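Enquirer: So that we are looking at the same thing, I have put the structure below in structure tokens.
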Amino acid sequence: MPPDYPESRRSGQLDDYHGTIVPDPYRWLEELSAPATQRWMAAQNALSLPYLSGLPARDVFASRLREMIDYERFGIPQAGGHRYVYTYNTGQLEQDQLWITDDPAQPGRLLIDPNLLSADGTVSIGSYVLNQDGSRLAYSLSDGGSDWRSWVVLDVATGQKFAERLAGIKFSDISWAPDGQGFFYSRYPESAIAGVYDDTRQVSVWHHEVGSPQSDDRLVYAVDDHQTRNPYGLMSEDGRYLVINLFDGYAANGVYLLPMEAGKPSGKLLRLFDGWDARYEYLGNVAERFLFKTTHDAPRGRIIEVNPGQPDADQWRTLVAERAQAIESATLTGGLLMLRYIVDAHAEVQIFSLQGSDLGRIELPGNGTVKGFAGRYDAPETFFSYTDFTTPETVYRFDPRTRRYAVLHAPGVSVDPRNYQSSQVFYSSKDGTRVPMTIVRRKNIPAAQPMPTVLYGYGGFNVSLLPRYSIARMAWLDAGGTYAVANIRGGGEYGEAWHEAGTKLKKQNVFDDFIAAAEWLIEHNYSTASQLAIWGGSNGGLLVAAVALQRPDLFAVAVPSVGVLDMLRYHTSSANARQWSSDYGLSDNPAEFNAQYAYSPVHNLKYGTCYPSTLIMADANDDRVAPWNSYKYAAALQYAQGCAQPVLIRIETRSGHGGGASSTKIVDKYADQWAFVANQLGLNIAGQRTP
């Protein structure tokens, strides 16, 4: 028997899109604070939470997750003067602490402990930046996983906090002025309600003087000739320019240079890159040699040198030409260019001189993910981390002079990586495109034995899925499940062409790639349709929901988490959401509407169809992807479901879109998720088959 679902009132709301009349019966769920929505949320949790907590494997997964999360973790050190700041967790803390040291090989002292800031452990440290001499630290706090950040400034030597608290900030770091007395940041404008900021409008760049109230901050730059472009300022190391990055989606951006003197604008704004024809990322400058990573005439990326006095494209100098592999990221530190390439969905680090000479490759511990290599141009050292599917994040110190590295912090975990194996395969999508997929499972599983399998994907916004360690993933593998990651189009694994092939009118390619991955797993005896689950978050939540609707026969379970699920209205929730239109398009555009309407999960459910068992993961505090996307989809799927397969929505309240979740929230979330998946797939855990 199917669960007894709470009532979800269906209204008569109709919308006209270019002559097509589209019903939207659950529009009322967009009113998040309305009593009717709050009652609906409570009723849904009253169904899902007892259901999940009563599953046979729930306590097993919770216990193992608590064991797995209990290991010492170190972040990559960030330098300022002779000081280094880094995150640290004993393994038993709800949130990472922030520590300061004069020697990165020594622990130093505790600087900030966010675990003392809330009873439930849901206040987390976001970004943090030391000024140039390391005397002051600016850091941000997130409450309950919110993307809104409250910024605080601290005197490092005394540990005393300055009185001011900066608000109205989302998706913006700060950039210190050279004198360390103030910094630049971007914020949203205040609304008509005091203390409330309006994230449906553009940000502008401001300067804050430490020790003064935010109301005294000075406006530095605002866009006055375009309605959706958001500026973010970064001070050049020499203090001569504020480099302003203009963000308006994921396909192209603009870069302006504002001359500065003593921390104040001193000349005319130079619109260095204003054609909106590619992506440009400022790496740094040495005098008038400005270095950028760009996709201009190089969809897999190249490094160029630009002189602001001769900004035309025919005057640019290519330092590192485009290669067969895509550049994932690049930094300028220690007098070197550190380029991280993606080679068939794993990282490779190549070193170049500032003249573009290839100085060789760093031999990494394996095929995984690399982060870091940040620092000033003249830094005597830099730091990076390495991780893969079975190796937790290990931090290394790199010497630019010798170009050698050594372990700084290597965590010990309760998982023996020798018990697992990962293998990469390539399969053909519907249109013949060759797509990579990595499969991870226990070594003792016979090669030809189909097993309960979770297939994960994302497929958007130029995001590449490279191997990384995850306690959530390891809990599933430890229980005997198989895990697969498909590197589908829409991501950045093969550069901008790979990304663009999964956007707007071509979005169906993403779903076709994922469906083909599932078919390959079944055809090659890794799993069966009755043993296959699909999982993804955010844009990956859209992927999972759309594919489950297009091929309900192919999957037993779907877990769309914090997904973008109403493609006709996703953009109405915030200015940030509207900028996703570079991938999704907008329903205001007739052609893009037709593409969206063909796959939008909320609009493509067919009443009476038997859909896979579904666990929708949402958070009421998610201010990135509005949770009404998940609410409307849950109501519509419960109404349309034509068989006894359960459709549940689990609504968290203090984790936001996922970043900054406490250890307890992480354990509870994945214990519920894996118990549901194991129950529906019949995974045999510790010798006992779940019903």
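Residues are referred to by chain and number: the chain letter is A, B, ... according to the order shown in the structure tokens, the number counts from 1 in that chain, and ligands are numbered separately from 1 in the order shown.
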Which residues, written as a ChimeraX atom specification, have at least one atom at most 8 Å from Leu14 (chain A), with only C-alpha atoms counted and residues fewer than 2 positions away on the same chain left out?
Expert: /A:12,16,21-25
Enquirer: Do you know which residues are at most 8 Å from Asp199 (chain A) counting only C-alpha atoms, after dropping those on the same chain fewer than 2 positions away, and could you put them as a PyMOL selection string?
Expert: chain A and resi 188-189+197+201-202+574-576
Enquirer: Taking only C-alpha atoms into account, which of A:Tyr377, A:Tyr420, A:Tyr250, A:Trp535 comes nearest Gly491 (chain A)?
Expert: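 Looking only at the distances to Gly491 (chain A), the closest residue turns out to be A:Tyr250.
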Enquirer: One number please: CA of Tyr469 (chain A) to CA of Asp416 (chain A), in Å, one decimal.
Expert: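 Those two atoms sit 12.6 Å apart.
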Enquirer: Which polymer residues have any atom within 7 Å of an atom of region 622-627 of chain A, counting only C-alpha atoms, with same-chain residues fewer than 3 positions away left out, as number ranges by chain?
Expert: A: 146-147, 562-564, 573, 618-619, 630-631, 656-657
Enquirer: With N, CA and C atoms retained, write the just-selected residues as an mmCIF file, in the first residue's frame.
Expert:
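Result saved to selection_29.cif:
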```
data_model
loop_
_atom_site.group_PDB
_atom_site.id
_atom_site.type_symbol
_atom_site.label_atom_id
_atom_site.label_comp_id
_atom_site.auth_asym_id
_atom_site.auth_seq_id
_atom_site.Cartn_x
_atom_site.Cartn_y
_atom_site.Cartn_z
ATOM 1 N N SER A 146 22.605 29.303 5.653
ATOM 2 C CA SER A 146 22.193 30.376 4.754
ATOM 3 C C SER A 146 23.367 30.870 3.922
ATOM 4 N N ASP A 147 23.073 31.302 2.674
ATOM 5 C CA ASP A 147 24.093 31.930 1.844
ATOM 6 C C ASP A 147 24.383 33.365 2.283
ATOM 7 N N VAL A 562 17.644 19.178 -3.012
ATOM 8 C CA VAL A 562 17.627 20.644 -3.178
ATOM 9 C C VAL A 562 17.655 21.035 -4.656
ATOM 10 N N GLY A 563 16.774 20.447 -5.431
ATOM 11 C CA GLY A 563 16.816 20.576 -6.880
ATOM 12 C C GLY A 563 16.112 21.802 -7.435
ATOM 13 N N VAL A 564 16.519 22.167 -8.657
ATOM 14 C CA VAL A 564 15.830 23.184 -9.454
ATOM 15 C C VAL A 564 14.796 22.423 -10.280
ATOM 16 N N SER A 573 13.011 33.703 -8.024
ATOM 17 C CA SER A 573 13.252 33.727 -6.576
ATOM 18 C C SER A 573 14.329 34.715 -6.159
ATOM 19 N N ALA A 618 14.964 18.417 0.878
ATOM 20 C CA ALA A 618 14.810 19.872 0.785
ATOM 21 C C ALA A 618 15.205 20.500 2.107
ATOM 22 N N ASP A 619 15.397 21.811 2.092
ATOM 23 C CA ASP A 619 15.699 22.547 3.316
ATOM 24 C C ASP A 619 14.951 23.865 3.301
ATOM 25 N N SER A 630 11.191 22.090 -4.633
ATOM 26 C CA SER A 630 10.993 20.730 -4.126
ATOM 27 C C SER A 630 9.572 20.517 -3.624
ATOM 28 N N TYR A 631 8.981 21.545 -2.988
ATOM 29 C CA TYR A 631 7.629 21.396 -2.450
ATOM 30 C C TYR A 631 6.641 21.137 -3.582
ATOM 31 N N GLY A 656 20.397 24.771 5.004
ATOM 32 C CA GLY A 656 20.480 25.556 3.780
ATOM 33 C C GLY A 656 20.653 24.684 2.547
ATOM 34 N N HIS A 657 21.472 25.173 1.607
ATOM 35 C CA HIS A 657 21.686 24.445 0.358
ATOM 36 C C HIS A 657 22.708 23.323 0.520
#
```
Enquirer: Using CA of Asp388 (chain A) and CA of Glu67 (chain A) as the two end points, give the distance in Å to one decimal.
Expert: 19.6 Å
Enquirer: With only C-alpha atoms as the basis for distance, which of A:Lys606, A:His409, A:Arg376, A:Arg229 is at the shortest distance from Asp133 (chain A)?
Expert: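 Closest candidate: A:Arg376.
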Enquirer: Please return as a list in words: the residues of region 169-334 of chain A that backbone DSSP assigns to helix (DSSP H, G or I).
Expert: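 In region 169-334 of chain A, DSSP puts these residues in helix (DSSP H, G or I): Gln214, Ser215, Asp216, Ala313, Asp314 and Gln315 of chain A.
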Enquirer: What would the file look like if the residues just selected were written as an mmCIF file, in the first residue's frame with N, CA and C atoms?
Expert:
```cif
data_model
loop_
_atom_site.group_PDB
_atom_site.id
_atom_site.type_symbol
_atom_site.label_atom_id
_atom_site.label_comp_id
_atom_site.auth_asym_id
_atom_site.auth_seq_id
_atom_site.Cartn_x
_atom_site.Cartn_y
_atom_site.Cartn_z
ATOM 1 N N GLN A 214 29.052 50.011 9.287
ATOM 2 C CA GLN A 214 28.820 49.741 7.874
ATOM 3 C C GLN A 214 28.115 50.906 7.184
ATOM 4 N N SER A 215 27.334 51.660 7.946
ATOM 5 C CA SER A 215 26.621 52.801 7.371
ATOM 6 C C SER A 215 27.573 53.878 6.847
ATOM 7 N N ASP A 216 28.834 53.857 7.301
ATOM 8 C CA ASP A 216 29.826 54.818 6.814
ATOM 9 C C ASP A 216 30.582 54.317 5.589
ATOM 10 N N ALA A 313 42.550 42.874 -28.557
ATOM 11 C CA ALA A 313 42.843 41.438 -28.623
ATOM 12 C C ALA A 313 44.071 41.132 -29.476
ATOM 13 N N ASP A 314 44.330 41.917 -30.498
ATOM 14 C CA ASP A 314 45.489 41.619 -31.340
ATOM 15 C C ASP A 314 46.811 41.972 -30.657
ATOM 16 N N GLN A 315 46.716 42.586 -29.473
ATOM 17 C CA GLN A 315 47.920 42.902 -28.698
ATOM 18 C C GLN A 315 48.147 41.910 -27.557
#
```
Enquirer: In Å, rounded to a single decimal, give me how far CA of Ala533 (chain A) is from CA of Ala558 (chain A).
Expert: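 About the pair CA of Ala558 (chain A) and CA of Ala533 (chain A): they are 5.7 Å apart.
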Enquirer: With distances taken over only C-alpha atoms, which of A:Pro590, A:Gly91, A:Gly54, A:Gly145 is nearest to Lys665 (chain A)?
Expert: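 Among the listed residues, the smallest separation from Lys665 (chain A) belongs to A:Gly145.
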Enquirer: Tell me which of A:Ala138, A:Cys610, A:Val510, A:Leu565 sits closest to Arg551 (chain A), counting only C-alpha atoms.
Expert: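 Among the listed residues, A:Cys610 lies closest to Arg551 (chain A).
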